[in-house]
Every structure is written in C-alpha cells, then in structure tokens.
>>> print(open('data_10.tsv').read())   # TSV, C-alpha atoms and all ligand atoms
chain	number	residue	atom	x	y	z
Y	1	MET	CA	51.51	-29.00	34.10
Y	2	SER	CA	49.22	-29.49	31.13
Y	3	VAL	CA	45.50	-28.92	31.29
Y	4	SER	CA	43.06	-31.71	30.43
Y	5	GLU	CA	39.73	-31.50	28.66
Y	6	ALA	CA	38.06	-32.97	31.74
Y	7	GLN	CA	39.38	-30.07	33.83
Y	8	ILE	CA	37.97	-27.62	31.33
Y	9	ARG	CA	34.55	-29.23	31.25
Y	10	ASP	CA	34.58	-29.32	35.02
Y	11	ALA	CA	35.29	-25.61	35.21
Y	12	LEU	CA	32.53	-24.86	32.69
Y	13	LYS	CA	30.05	-26.75	34.87
Y	14	SER	CA	30.12	-23.77	37.22
Y	15	VAL	CA	28.56	-21.60	34.50
Y	16	LYS	CA	24.77	-21.59	34.61
Y	17	TYR	CA	22.54	-20.85	31.65
Y	18	PRO	CA	21.34	-17.29	32.43
Y	19	GLY	CA	18.16	-17.42	34.45
Y	20	PHE	CA	18.27	-21.16	35.11
Y	21	THR	CA	19.90	-23.52	37.57
Y	22	ARG	CA	21.19	-25.82	34.82
Y	23	ASP	CA	24.80	-25.45	33.72
Y	24	ILE	CA	25.97	-25.03	30.15
Y	25	VAL	CA	27.72	-28.43	30.06
Y	26	SER	CA	24.69	-30.46	31.08
Y	27	PHE	CA	22.72	-28.38	28.58
Y	28	GLY	CA	24.92	-29.81	25.83
Y	29	LEU	CA	26.12	-26.41	24.64
Y	30	ILE	CA	29.82	-27.37	24.39
Y	31	LYS	CA	30.72	-28.19	20.81
Y	32	SER	CA	34.47	-28.51	21.02
Y	33	VAL	CA	37.42	-27.91	23.30
Y	34	ASN	CA	40.79	-27.08	21.87
Y	35	ILE	CA	43.91	-27.18	24.04
Y	36	ASP	CA	47.17	-25.83	22.73
Y	37	ASN	CA	49.55	-25.93	25.69
Y	38	GLY	CA	48.09	-23.27	27.95
Y	39	ASP	CA	45.89	-21.69	25.29
Y	40	ILE	CA	42.31	-22.85	25.45
Y	41	LYS	CA	39.65	-22.39	22.83
Y	42	VAL	CA	36.11	-23.55	23.57
Y	43	GLN	CA	33.38	-23.54	20.98
Y	44	LEU	CA	29.76	-23.35	22.13
Y	45	ALA	CA	26.54	-23.49	20.13
Y	46	LEU	CA	23.19	-22.21	21.24
Y	47	SER	CA	19.98	-20.94	19.75
Y	48	THR	CA	18.62	-17.71	21.11
Y	49	ASN	CA	17.37	-14.31	20.02
Y	50	ASP	CA	18.54	-12.64	23.20
Y	51	PRO	CA	21.99	-11.05	22.76
Y	52	ASN	CA	22.51	-10.93	26.53
Y	53	VAL	CA	22.52	-14.71	26.82
Y	54	PRO	CA	25.68	-15.42	24.77
Y	55	ALA	CA	27.42	-12.33	26.17
Y	56	THR	CA	26.85	-13.45	29.75
Y	57	ILE	CA	27.84	-17.04	29.03
Y	58	LYS	CA	31.01	-15.94	27.25
Y	59	ASN	CA	32.10	-13.70	30.13
Y	60	GLU	CA	31.40	-16.22	32.83
Y	61	ALA	CA	32.92	-19.12	30.92
Y	62	GLU	CA	36.11	-17.24	30.18
Y	63	SER	CA	36.53	-16.21	33.82
Y	64	ALA	CA	35.90	-19.79	34.94
Y	65	LEU	CA	38.57	-21.04	32.54
Y	66	ARG	CA	41.10	-18.42	33.52
Y	67	ALA	CA	40.83	-19.58	37.11
Y	68	ILE	CA	42.26	-22.99	36.16
Y	69	GLU	CA	45.88	-23.35	37.10
Y	70	GLY	CA	48.26	-23.51	34.14
Y	71	ILE	CA	46.06	-21.60	31.71
Y	72	ARG	CA	47.69	-18.88	29.65
Y	73	SER	CA	44.71	-17.67	27.65
Y	74	ALA	CA	41.06	-18.68	27.37
Y	75	LYS	CA	38.79	-17.89	24.49
Y	76	VAL	CA	35.14	-18.86	24.28
Y	77	LEU	CA	33.52	-18.66	20.87
Y	78	ILE	CA	29.76	-18.96	20.52
Y	79	ASP	CA	27.82	-20.02	17.45
Y	80	ILE	CA	24.40	-18.43	17.71
Y	81	HIS	CA	21.55	-19.83	15.72
Y	82	ALA	CA	18.28	-18.02	15.50
Y	83	PRO	CA	15.48	-20.39	16.46
Y	84	PRO	CA	14.23	-22.00	13.22
Y	85	GLY	CA	11.32	-20.23	11.55
Y	86	GLY	CA	10.90	-18.00	14.57
Y	87	ALA	CA	9.28	-20.93	16.35
Y	88	GLY	CA	10.70	-22.04	19.63
Y	89	ALA	CA	13.17	-24.80	19.21
Y	90	GLY	CA	14.39	-24.35	22.73
Y	91	ILE	CA	18.06	-24.85	23.31
Y	92	GLY	CA	19.14	-27.76	21.20
Y	93	ALA	CA	15.61	-29.19	21.21
Y	94	THR	CA	14.71	-31.57	18.41
Y	95	ARG	CA	11.51	-32.04	16.47
Y	96	ILE	CA	9.61	-35.26	16.97
Y	97	PRO	CA	9.28	-36.82	13.52
Y	98	GLY	CA	5.69	-37.16	12.32
Y	99	ILE	CA	4.32	-34.47	14.64
Y	100	LYS	CA	3.32	-31.11	13.20
Y	101	HIS	CA	2.91	-29.09	16.36
Y	102	VAL	CA	3.87	-29.69	19.95
Y	103	ILE	CA	2.04	-27.40	22.37
Y	104	ALA	CA	2.92	-27.19	26.03
Y	105	VAL	CA	0.27	-26.39	28.60
Y	106	ALA	CA	1.99	-24.81	31.57
Y	107	SER	CA	1.43	-22.70	34.64
Y	108	GLY	CA	3.68	-21.25	37.24
Y	109	LYS	CA	1.35	-22.23	40.04
Y	110	GLY	CA	0.03	-25.69	40.85
Y	111	GLY	CA	-3.61	-26.65	40.93
Y	112	VAL	CA	-4.88	-23.97	38.56
Y	113	GLY	CA	-6.29	-26.53	36.13
Y	114	LYS	CA	-3.48	-27.26	33.67
Y	115	SER	CA	-4.34	-30.92	33.35
Y	116	THR	CA	-8.03	-30.10	32.98
Y	117	VAL	CA	-7.25	-27.57	30.25
Y	118	ALA	CA	-4.76	-29.88	28.51
Y	119	ALA	CA	-7.19	-32.82	28.50
Y	120	ASN	CA	-10.19	-30.82	27.29
Y	121	LEU	CA	-8.19	-28.92	24.72
Y	122	ALA	CA	-6.85	-32.22	23.33
Y	123	VAL	CA	-10.38	-33.62	23.10
Y	124	ALA	CA	-11.69	-30.41	21.49
Y	125	LEU	CA	-8.85	-30.40	18.94
Y	126	GLU	CA	-9.64	-34.00	18.06
Y	127	GLN	CA	-13.28	-33.01	17.53
Y	128	THR	CA	-12.18	-30.50	14.89
Y	129	GLY	CA	-10.84	-33.47	12.91
Y	130	ALA	CA	-7.18	-33.21	13.90
Y	131	ARG	CA	-5.00	-36.14	14.92
Y	132	VAL	CA	-4.08	-35.44	18.52
Y	133	GLY	CA	-1.85	-36.84	21.21
Y	134	LEU	CA	-1.73	-35.90	24.86
Y	135	CYS	CA	1.28	-36.44	27.04
Y	136	ASP	CA	1.27	-36.09	30.79
Y	137	CYS	CA	4.76	-34.98	31.75
Y	138	ASP	CA	4.16	-34.68	35.47
Y	139	ILE	CA	6.38	-37.28	37.01
Y	140	TYR	CA	5.39	-36.49	40.60
Y	141	GLY	CA	1.65	-36.24	40.17
Y	142	PRO	CA	0.49	-37.71	36.90
Y	143	SER	CA	-3.20	-37.03	36.45
Y	144	ILE	CA	-4.09	-37.60	32.82
Y	145	SER	CA	-4.38	-41.35	33.35
Y	146	LEU	CA	-6.94	-40.57	36.05
Y	147	MET	CA	-8.77	-37.98	33.94
Y	148	PHE	CA	-9.09	-40.43	31.09
Y	149	GLY	CA	-10.08	-43.27	33.36
Y	150	THR	CA	-7.43	-45.68	32.25
Y	151	ARG	CA	-4.79	-47.69	34.04
Y	152	GLU	CA	-3.97	-49.68	30.96
Y	153	ARG	CA	-0.24	-50.22	30.56
Y	154	PRO	CA	1.28	-49.19	27.25
Y	155	MET	CA	3.03	-51.80	25.12
Y	156	ALA	CA	6.58	-51.57	23.86
Y	157	THR	CA	7.63	-52.24	20.26
Y	158	GLU	CA	10.55	-54.44	19.29
Y	159	GLU	CA	12.70	-51.33	18.96
Y	160	ASN	CA	11.89	-50.57	22.58
Y	161	LYS	CA	9.58	-47.68	21.72
Y	162	ILE	CA	6.48	-47.13	23.84
Y	163	VAL	CA	3.13	-47.25	22.09
Y	164	PRO	CA	0.57	-44.70	23.35
Y	165	ILE	CA	-2.82	-45.81	24.58
Y	166	GLU	CA	-5.84	-44.94	22.43
Y	167	GLN	CA	-8.76	-43.41	24.25
Y	168	TYR	CA	-11.62	-41.27	22.89
Y	169	GLY	CA	-9.80	-40.95	19.57
Y	170	LEU	CA	-6.65	-39.56	21.22
Y	171	ARG	CA	-3.23	-41.05	21.69
Y	172	LEU	CA	-2.38	-40.80	25.35
Y	173	MET	CA	0.83	-41.20	27.18
Y	174	SER	CA	1.48	-40.51	30.81
Y	175	MET	CA	4.35	-41.06	33.12
Y	176	GLY	CA	1.62	-42.45	35.32
Y	177	PHE	CA	1.22	-45.34	32.91
Y	178	LEU	CA	4.78	-46.39	33.51
Y	179	LEU	CA	5.42	-45.67	37.14
Y	180	ASP	CA	4.10	-47.57	40.09
Y	181	ASP	CA	2.29	-45.43	42.61
Y	182	ALA	CA	5.25	-45.48	44.96
Y	183	SER	CA	8.17	-44.97	42.61
Y	184	PRO	CA	8.20	-41.20	41.82
Y	185	ALA	CA	9.43	-40.40	45.31
Y	186	ILE	CA	12.80	-41.99	44.63
Y	187	LEU	CA	13.44	-40.04	41.44
Y	188	ARG	CA	15.50	-36.95	42.13
Y	189	GLY	CA	17.53	-34.30	40.33
Y	190	PRO	CA	19.53	-35.60	37.38
Y	191	MET	CA	17.58	-38.87	37.36
Y	192	VAL	CA	14.37	-36.98	36.73
Y	193	THR	CA	16.03	-35.13	33.87
Y	194	ARG	CA	17.27	-38.34	32.30
Y	195	TYR	CA	14.01	-40.15	32.82
Y	196	THR	CA	12.02	-37.27	31.33
Y	197	GLN	CA	14.26	-37.04	28.26
Y	198	GLN	CA	14.17	-40.77	27.72
Y	199	PHE	CA	10.42	-40.83	28.14
Y	200	LEU	CA	9.86	-38.04	25.60
Y	201	GLN	CA	12.13	-39.64	23.03
Y	202	GLN	CA	10.84	-43.18	23.40
Y	203	VAL	CA	7.16	-42.74	22.69
Y	204	GLU	CA	6.09	-43.87	19.25
Y	205	TRP	CA	3.46	-41.22	18.52
Y	206	GLY	CA	3.09	-41.88	14.81
Y	207	GLU	CA	1.60	-39.11	12.67
Y	208	LEU	CA	-0.03	-36.32	14.67
Y	209	ASP	CA	-1.24	-32.81	13.93
Y	210	TYR	CA	-0.97	-31.77	17.57
Y	211	LEU	CA	0.75	-33.16	20.58
Y	212	VAL	CA	-0.38	-31.46	23.78
Y	213	LEU	CA	2.06	-31.65	26.67
Y	214	ASP	CA	0.65	-31.31	30.16
Y	215	LEU	CA	3.58	-29.89	32.09
Y	216	PRO	CA	4.11	-30.14	35.82
Y	217	PRO	CA	3.56	-26.87	37.73
Y	218	GLY	CA	6.44	-24.44	38.09
Y	219	THR	CA	9.37	-23.16	36.10
Y	220	GLY	CA	12.21	-25.34	37.28
Y	221	ASP	CA	14.58	-27.85	35.82
Y	222	ILE	CA	11.98	-30.39	34.71
Y	223	GLN	CA	10.08	-27.83	32.65
Y	224	LEU	CA	13.36	-26.67	31.22
Y	225	THR	CA	14.41	-30.21	30.37
Y	226	ILE	CA	11.15	-30.69	28.50
Y	227	VAL	CA	11.40	-27.52	26.43
Y	228	GLN	CA	15.01	-28.36	25.73
Y	229	THR	CA	14.28	-31.90	24.60
Y	230	VAL	CA	11.30	-31.31	22.34
Y	231	ALA	CA	10.92	-28.44	19.86
Y	232	LEU	CA	7.68	-26.68	20.77
Y	233	SER	CA	5.44	-24.67	18.46
Y	234	GLY	CA	4.29	-22.73	21.47
Y	235	ALA	CA	3.05	-22.72	25.01
Y	236	ILE	CA	-0.32	-22.03	26.58
Y	237	ILE	CA	-0.25	-20.67	30.09
Y	238	VAL	CA	-3.08	-21.47	32.45
Y	239	THR	CA	-3.84	-19.14	35.30
Y	240	THR	CA	-6.64	-18.30	37.67
Y	241	PRO	CA	-7.72	-14.66	37.99
Y	242	GLN	CA	-6.15	-13.82	41.34
Y	243	GLU	CA	-2.80	-12.11	41.80
Y	244	VAL	CA	-0.92	-15.07	43.36
Y	245	ALA	CA	-1.56	-17.13	40.25
Y	246	LEU	CA	-0.86	-14.27	37.86
Y	247	ILE	CA	2.58	-13.65	39.35
Y	248	ASP	CA	3.47	-17.28	38.65
Y	249	ALA	CA	1.94	-17.14	35.17
Y	250	ARG	CA	4.29	-14.24	34.46
Y	251	LYS	CA	7.24	-16.37	35.59
Y	252	ALA	CA	6.18	-19.14	33.24
Y	253	ALA	CA	5.89	-16.68	30.36
Y	254	THR	CA	9.38	-15.38	31.13
Y	255	MET	CA	10.77	-18.90	31.11
Y	256	PHE	CA	9.36	-19.64	27.65
Y	257	ASP	CA	10.58	-16.30	26.42
Y	258	LYS	CA	14.11	-17.09	27.52
Y	259	VAL	CA	14.18	-20.30	25.53
Y	260	ASN	CA	12.45	-18.75	22.50
Y	261	VAL	CA	9.21	-20.65	22.79
Y	262	PRO	CA	6.33	-18.38	21.73
Y	263	VAL	CA	3.55	-18.01	24.27
Y	264	LEU	CA	0.38	-18.68	22.28
Y	265	GLY	CA	-1.77	-17.12	24.96
Y	266	LEU	CA	-3.30	-17.36	28.39
Y	267	VAL	CA	-6.27	-19.43	29.45
Y	268	GLU	CA	-7.98	-18.06	32.51
Y	269	ASN	CA	-9.46	-20.95	34.42
Y	270	MET	CA	-11.96	-20.78	37.29
Y	271	SER	CA	-12.82	-17.32	35.98
Y	272	TYR	CA	-16.27	-17.11	37.52
Y	273	PHE	CA	-19.13	-19.24	38.79
Y	274	LEU	CA	-22.60	-19.26	37.28
Y	275	SER	CA	-24.99	-20.26	40.00
Y	276	PRO	CA	-27.26	-23.02	38.69
Y	277	SER	CA	-30.10	-21.89	40.95
Y	278	ASP	CA	-30.38	-18.22	39.97
Y	279	GLY	CA	-28.08	-17.95	36.94
Y	280	LYS	CA	-26.11	-15.21	38.71
Y	281	ARG	CA	-22.41	-14.77	38.02
Y	282	TYR	CA	-20.01	-14.77	40.95
Y	283	ASP	CA	-16.42	-13.61	40.42
Y	284	ILE	CA	-14.97	-15.78	43.15
Y	285	PHE	CA	-11.34	-14.94	42.45
Y	286	GLY	CA	-12.02	-11.40	41.26
Y	287	SER	CA	-12.33	-10.44	37.62
Y	288	GLY	CA	-10.20	-9.08	34.84
Y	289	GLY	CA	-6.94	-10.62	36.09
Y	290	GLY	CA	-6.33	-12.82	33.05
Y	291	GLU	CA	-7.17	-10.01	30.67
Y	292	ARG	CA	-4.81	-7.58	32.36
Y	293	GLU	CA	-2.00	-10.12	32.45
Y	294	ALA	CA	-2.48	-11.08	28.80
Y	295	LYS	CA	-2.24	-7.41	27.85
Y	296	ARG	CA	0.85	-6.97	29.94
Y	297	LEU	CA	2.50	-10.00	28.33
Y	298	ARG	CA	1.20	-8.92	24.91
Y	299	VAL	CA	-0.35	-12.32	24.24
Y	300	PRO	CA	-3.98	-13.21	23.51
Y	301	LEU	CA	-6.40	-14.28	26.20
Y	302	LEU	CA	-7.48	-17.54	24.59
Y	303	GLY	CA	-10.46	-18.16	26.80
Y	304	GLN	CA	-12.11	-17.88	30.19
Y	305	ILE	CA	-13.32	-21.11	31.71
Y	306	PRO	CA	-15.84	-20.87	34.55
Y	307	ILE	CA	-15.72	-22.93	37.71
Y	308	ASP	CA	-18.06	-25.69	36.82
Y	309	ILE	CA	-19.22	-28.66	38.83
Y	310	ALA	CA	-19.73	-30.89	35.78
Y	311	THR	CA	-16.19	-30.16	34.64
Y	312	ARG	CA	-14.73	-31.28	37.95
Y	313	GLU	CA	-16.95	-34.35	38.08
Y	314	ALA	CA	-16.16	-35.34	34.51
Y	315	GLY	CA	-12.44	-35.01	35.19
Y	316	ASP	CA	-12.72	-37.10	38.32
Y	317	HIS	CA	-14.59	-39.94	36.70
Y	318	GLY	CA	-12.35	-40.26	33.72
Y	319	VAL	CA	-14.10	-38.51	30.81
Y	320	PRO	CA	-13.10	-34.90	30.12
Y	321	ILE	CA	-16.20	-32.70	29.87
Y	322	ALA	CA	-15.47	-31.83	26.22
Y	323	GLY	CA	-15.89	-35.53	25.44
Y	324	GLU	CA	-18.80	-36.21	27.76
Y	325	ASP	CA	-21.11	-33.34	26.88
Y	326	ARG	CA	-20.20	-31.32	23.80
Y	327	GLN	CA	-22.98	-28.83	24.44
Y	328	SER	CA	-21.98	-27.85	27.94
Y	329	PRO	CA	-20.83	-24.22	28.34
Y	330	VAL	CA	-17.30	-25.30	29.23
Y	331	SER	CA	-17.08	-27.67	26.24
Y	332	ARG	CA	-18.09	-24.84	23.94
Y	333	LYS	CA	-15.35	-22.66	25.38
Y	334	PHE	CA	-12.79	-25.35	24.63
Y	335	LYS	CA	-14.19	-25.80	21.15
Y	336	LYS	CA	-13.59	-22.13	20.46
Y	337	ILE	CA	-10.04	-22.26	21.84
Y	338	ALA	CA	-9.33	-25.33	19.69
Y	339	GLU	CA	-10.71	-23.71	16.54
Y	340	ASN	CA	-8.60	-20.59	17.07
Y	341	LEU	CA	-5.54	-22.69	17.74
Y	342	ARG	CA	-6.03	-24.57	14.48
Y	343	LYS	CA	-6.08	-21.25	12.67
Y	344	SER	CA	-2.92	-19.94	14.31
Y	345	LEU	CA	-1.06	-23.26	14.03
Y	346	PRO	CA	-2.42	-24.90	10.87
K	1	LIG	N1	-12.97	-24.96	35.53
K	1	LIG	C1	-13.04	-25.84	36.53
K	1	LIG	N2	-14.18	-26.04	37.23
K	1	LIG	C2	-14.24	-26.91	38.25
K	1	LIG	N3	-13.22	-27.66	38.66
K	1	LIG	C3	-12.05	-27.51	38.01
K	1	LIG	C4	-11.89	-26.60	36.91
K	1	LIG	N4	-10.60	-26.68	36.48
K	1	LIG	C5	-10.01	-27.60	37.27
K	1	LIG	N5	-10.86	-28.10	38.18
K	1	LIG	C6	-10.58	-29.10	39.22
K	1	LIG	O1	-9.53	-28.60	40.03
K	1	LIG	C7	-8.64	-29.64	40.40
K	1	LIG	C8	-7.23	-29.30	39.94
K	1	LIG	O2	-7.21	-29.26	38.51
K	1	LIG	P1	-6.01	-29.85	37.66
K	1	LIG	O3	-5.59	-31.16	38.18
K	1	LIG	O4	-6.41	-29.75	36.25
K	1	LIG	O5	-4.91	-28.76	38.01
K	1	LIG	P2	-3.37	-28.76	37.64
K	1	LIG	O6	-2.99	-27.33	37.41
K	1	LIG	O7	-3.08	-29.72	36.57
K	1	LIG	O8	-2.74	-29.27	38.99
K	1	LIG	P3	-1.21	-29.70	39.25
K	1	LIG	O9	-0.50	-28.40	39.41
K	1	LIG	O10	-1.28	-30.49	40.51
K	1	LIG	O11	-0.77	-30.47	38.05
K	1	LIG	C9	-9.21	-30.91	39.78
K	1	LIG	O12	-9.99	-31.58	40.71
K	1	LIG	C10	-10.07	-30.39	38.64
K	1	LIG	O13	-11.16	-31.27	38.34
K	2	MG	MG	-1.71	-31.38	36.53
>>> encode(input="data_10.tsv", output="structure tokens", more="lines below")
Ligand SMILES: Nc1ncnc2c1ncn2[C@@H]1O[C@H](COP(=O)(O)OP(=O)(O)OP(=O)(O)O)[C@@H](O)[C@H]1O
Ligand SMILES: [Mg+2]
Amino acid sequence: MSVSEAQIRDALKSVKYPGFTRDIVSFGLIKSVNIDNGDIKVQLALSTNDPNVPATIKNEAESALRAIEGIRSAKVLIDIHAPPGGAGAGIGATRIPGIKHVIAVASGKGGVGKSTVAANLAVALEQTGARVGLCDCDIYGPSISLMFGTRERPMATEENKIVPIEQYGLRLMSMGFLLDDASPAILRGPMVTRYTQQFLQQVEWGELDYLVLDLPPGTGDIQLTIVQTVALSGAIIVTTPQEVALIDARKAATMFDKVNVPVLGLVENMSYFLSPSDGKRYDIFGSGGGEREAKRLRVPLLGQIPIDIATREAGDHGVPIAGEDRQSPVSRKFKKIAENLRKSLP
C-alpha cells in the first residue's frame, strides 16, 4: 500500500509547536513532502533562536510519521532561520508594508488596563509627531471603539481593503467596528484564527511609524495567531502590582520569548492611588511588584501608572486622558513612555 501526502500531513497534525496548542501543519511550517515508496522526507521551515524547538519538533514529527502503516523510513529536515535583525518576526510572520514598527500591548491577565495603556500610548506617540495607528484585536470584547467614542463604520476600498477611521490624529481599527454586538459569540476556534488573520491583512494602514496592537488578554491561540501573522518589533506587557497579575505577566513574557518577539518592557498599571483630598499615596495592590518582575524578566519597567479617576472617566466617555488633558499626571507618564519608546524604536 502506498502512502499519500494527505496521510502524512494528517499524521503531522498531531505534532504541536512546543509550548502551544497549535500544530505544526496549521502553523504553515511544512515546506515540502517527498514520498519515495515507503521512504518519506519532510522539509520544514521555521524561525527561532531556541535550539530545543526544532529538536523537539523533529523528534515528534519523525515518530508520528513512523507510526503510519507502510512507512519504511521517515526523515524530517528543518530549515532554521534566525529572526531577521534580531527583531521578532514570529513564526512565518510578515511585515505590513508601509509600517515601521508594530508594537503589541499584551497582558496575561484580563482587566489590568491593556486597552487603556494601548490607547493612551498611541495618543502620546502621536503627540511626539509620529504617525500612529491603533488596532483593537480583541474579538470578544473590543473596547477601543468605546474608548475613542466612535461607532463609525470603516469603508472598504475597491480592492476590498478596509480603511481605518481617523480620530484625534490616529488611524483606528477595531474588530468592534466590523462586528455586530451579537456576532462574536458565534466565532470559535479555527474561525477566530481565520478571521483574525484576514482582519490583520486587510486593513489599509498606509504609511505609519507605529502601529499599536491592543491584544486580548491571555496567551492562547488568538495571541499566537496575531504574533504569527504580523512581524512585531516588540511587545509591551501590562500588569498590576499584585502577584496574581504578575504570574500572568510572566506567562505573556514567556510566550513572546518563544516566538522571538522582544519584550520592550513592563508597564505597571494601577500602581498606587494619590488621594485628591490629602495628597497621600495608597499602595492599594502593594508596591514594588512591577519592578521586581521587570528585574526578573530582565526588561525595563517602562512606567508606573496610578489609579486615577480622570483616566477611567476619560476612557469611558471616549477620549483617552492623554488626548483630553495633556498636563494630567497620567498623561505625563504616557508622554515619557512614548518618548523612550521613540528612542528605542526610532
Ligand atoms: N490607571 C487607571 N486608573 C483608573 N482606571 C483605570 C486605569 N487603567 C484602567 N482603568 C479602568 O479599568 C477598566 C479596565 O481597563 P481596560 O479595559 O483598559 O483593561 P484591559 O486589560 O484592556 O481589559 P480586557 O482584559 O477586558 O481587555 C476600564 O474601566 C478602565 O477605564
Ligand atoms: Mg482590553
């Protein structure tokens, strides 16, 4: 009985990319399959700096192939590319033409203020004179459209590209612009992956210095799909100071590390509260957590953002605080983060 290519691909689908739930076939790592009677040669290509990744994949893939009936020998060869320029290209991720730097804002844990940080950072970067886009990649709970107070629907070009909305000098795109309130619930698994990829590739950003991606919380398949689709210059991880958030921040850092995306640093959000009545500082979630974690991960602590009523209010009524009141303490923090970012990613 002769072996078919479909059988081989099927067998390889049981091999997961180390550390993730996605398999190497759906990742697009298979370059060629060569069948010579019962002798199989499979060529893979991947970009990584971690020697354990190809070694593990090779072992697992060869055992999976040997388990197919009718196979005499199975050889898996892997082409390893170092990520270009040391910057994280992810696994097979492509650059978006016209965009200098794509920066992901991520967190392991939900509700720590990713969208708030992404929105204010984008505004602050724009205020330094850069051309900036902001993309809300949270398919289940898009919030940038709310934070920028717009429900305007984006237009499509004749080539079926989506044109971002312009607001406060930024180009904005959100899955929330495209989905009806009810529709995310029906998107599951592979559909989410496909939708996310399509979405990222279809937006006509034009020329940008920075595109800030507001990622959904967690370190699962959606986040992985995003870092695999778009070549990132780096990731910023948002955390709050308490241990439960720090543990998840660590997971997020590990995820980016695995796909060779440099972690640009941590932003500690809700770091403390300055009481407006007596000016006293309250460390509601404890103090020093972000600093300790940044040291442990050997990345910079980019900033500490206090819990601030005006920041929450501004976000809720559709103007990020950095745009509403440039002199507010929180706006100044974001200005500093933006200026440092411009220096490290010119
Ligand atoms: N520094 C802050 N001071 C006061 N309120 C804040 C601050 N940061 C965030 N918030 C508020 O906390 C809530 C959650 O923030 P946000 O939506 O940015 O979190 P998120 O991490 O993006 O959440 P999700 O995981 O659901 O995407 C919002 O109401 C926001 O206005
Ligand atoms: Mg969010």
>>> closest_atom_pairs(input="data_10.tsv", of="chain Y", to="ligand MG 2 (chain K)", cutoff="9 Å", atoms="only C-alpha atoms and all ligand atoms", output="Markdown table")
| residue | atom | partner | partner_atom | distance |
| --- | --- | --- | --- | --- |
| Y:Gly110 | CA | K:MG2 | MG | 7.4 |
| Y:Gly111 | CA | K:MG2 | MG | 6.7 |
| Y:Val112 | CA | K:MG2 | MG | 8.3 |
| Y:Gly113 | CA | K:MG2 | MG | 6.7 |
| Y:Lys114 | CA | K:MG2 | MG | 5.3 |
| Y:Ser115 | CA | K:MG2 | MG | 4.2 |
| Y:Thr116 | CA | K:MG2 | MG | 7.4 |
| Y:Ala118 | CA | K:MG2 | MG | 8.7 |
| Y:Asp136 | CA | K:MG2 | MG | 8.0 |
| Y:Cys137 | CA | K:MG2 | MG | 8.8 |
| Y:Asp138 | CA | K:MG2 | MG | 6.8 |
| Y:Gly141 | CA | K:MG2 | MG | 6.9 |
| Y:Pro142 | CA | K:MG2 | MG | 6.7 |
| Y:Ser143 | CA | K:MG2 | MG | 5.8 |
| Y:Ile144 | CA | K:MG2 | MG | 7.6 |
| Y:Asp214 | CA | K:MG2 | MG | 6.8 |
| Y:Leu215 | CA | K:MG2 | MG | 7.1 |
| Y:Pro216 | CA | K:MG2 | MG | 6.0 |
| Y:Pro217 | CA | K:MG2 | MG | 7.0 |
>>> residues_around(input="data_10.tsv", residues="Ala119 (chain Y)", least_positions_apart="5", cutoff="8 Å", atoms="only C-alpha atoms", output="mmCIF file with C-alpha atoms, in the coordinates of the input")
data_model
loop_
_atom_site.group_PDB
_atom_site.id
_atom_site.type_symbol
_atom_site.label_atom_id
_atom_site.label_comp_id
_atom_site.auth_asym_id
_atom_site.auth_seq_id
_atom_site.Cartn_x
_atom_site.Cartn_y
_atom_site.Cartn_z
ATOM 1 C CA LEU Y 134 -1.730 -35.900 24.860
ATOM 2 C CA ILE Y 144 -4.090 -37.600 32.820
ATOM 3 C CA MET Y 147 -8.770 -37.980 33.940
ATOM 4 C CA PRO Y 320 -13.100 -34.900 30.120
#
>>> closest_residue(input="data_10.tsv", among="Y:Ala231, Y:Val15, Y:Met175, Y:Ala122", to="Thr94 (chain Y)", atoms="all atoms listed in the file")
Y:Ala231
>>> closest_residue(input="data_10.tsv", among="Y:Glu62, Y:Asp308, Y:Glu243, Y:Glu293", to="Phe273 (chain Y)", atoms="all atoms listed in the file")
Y:Asp308
>>> residues_around(input="data_10.tsv", residues="Ile71 (chain Y)", least_positions_apart="6", cutoff="9 Å", atoms="all atoms listed in the file", output="ChimeraX atom specification")
/Y:2-3,37-40,65
>>> closest_residue(input="data_10.tsv", among="Y:Val227, Y:Leu297, Y:Met255, Y:Ile284", to="ligand LIG 1 (chain K)", atoms="only C-alpha atoms and all ligand atoms")
Y:Ile284
>>> residues_around(input="data_10.tsv", residues="Ile24 (chain Y)", least_positions_apart="4", cutoff="10 Å", atoms="only C-alpha atoms", output="PyMOL selection string")
chain Y and resi 9+12-18+20+28-30+44+46+57+61
>>> axis_aligned_box(input="data_10.tsv", around="ligand LIG 1 (chain K)", padding_each_side="3 Å", output="AutoDock Vina command-line options")
--center_x -7.4 --center_y -28.3 --center_z 38.1 --size_x 19.7 --size_y 12.6 --size_z 11.2
>>> closest_residue(input="data_10.tsv", among="Y:Gly290, Y:Gly265, Y:Gly323, Y:Gly149", to="Pro241 (chain Y)", atoms="only C-alpha atoms")
Y:Gly290
>>> closest_residue(input="data_10.tsv", among="Y:Met270, Y:Leu125, Y:Gly289, Y:Leu341", to="Ile307 (chain Y)", atoms="all atoms listed in the file")
Y:Met270
>>> atom_distance(input="data_10.tsv", atom1="atom O11 of ligand LIG 1 (chain K)", atom2="CA of Lys251 (chain Y)")
16.4 Å
>>> atom_distance(input="data_10.tsv", atom1="CA of Gly133 (chain Y)", atom2="CA of Asp221 (chain Y)")
23.8 Å
>>> residues_around(input="data_10.tsv", residues="Pro97 (chain Y)", least_positions_apart="4", cutoff="12 Å", atoms="all atoms listed in the file", output="JSON list (two decimals) with C-alpha atoms, keeping the file's coordinate frame")
[["chain", "number", "residue", "atom", "x", "y", "z"],
["Y", 101, "HIS", "CA", 2.91, -29.09, 16.36],
["Y", 102, "VAL", "CA", 3.87, -29.69, 19.95],
["Y", 201, "GLN", "CA", 12.13, -39.64, 23.03],
["Y", 202, "GLN", "CA", 10.84, -43.18, 23.40],
["Y", 203, "VAL", "CA", 7.16, -42.74, 22.69],
["Y", 204, "GLU", "CA", 6.09, -43.87, 19.25],
["Y", 205, "TRP", "CA", 3.46, -41.22, 18.52],
["Y", 206, "GLY", "CA", 3.09, -41.88, 14.81],
["Y", 207, "GLU", "CA", 1.60, -39.11, 12.67],
["Y", 208, "LEU", "CA", -0.03, -36.32, 14.67],
["Y", 209, "ASP", "CA", -1.24, -32.81, 13.93],
["Y", 211, "LEU", "CA", 0.75, -33.16, 20.58],
["Y", 230, "VAL", "CA", 11.30, -31.31, 22.34],
["Y", 231, "ALA", "CA", 10.92, -28.44, 19.86]]
>>> atom_distance(input="data_10.tsv", atom1="CA of Lys280 (chain Y)", atom2="atom O10 of ligand LIG 1 (chain K)")
29.2 Å
>>> residues_around(input="data_10.tsv", residues="Ile68 (chain Y)", least_positions_apart="4", cutoff="9 Å", atoms="only C-alpha atoms", output="JSON, numbers by chain")
{"Y": [3, 7, 8, 11, 64]}
>>> write_last_selection(input="data_10.tsv", atoms="C-alpha atoms", output="mmCIF file, keeping the file's coordinate frame")
data_model
loop_
_atom_site.group_PDB
_atom_site.id
_atom_site.type_symbol
_atom_site.label_atom_id
_atom_site.label_comp_id
_atom_site.auth_asym_id
_atom_site.auth_seq_id
_atom_site.Cartn_x
_atom_site.Cartn_y
_atom_site.Cartn_z
ATOM 1 C CA VAL Y 3 45.500 -28.920 31.290
ATOM 2 C CA GLN Y 7 39.380 -30.070 33.830
ATOM 3 C CA ILE Y 8 37.970 -27.620 31.330
ATOM 4 C CA ALA Y 11 35.290 -25.610 35.210
ATOM 5 C CA ALA Y 64 35.900 -19.790 34.940
#
>>> closest_residue(input="data_10.tsv", among="Y:Ala106, Y:Leu345, Y:Val330, Y:Leu77", to="Thr254 (chain Y)", atoms="only C-alpha atoms")
Y:Ala106
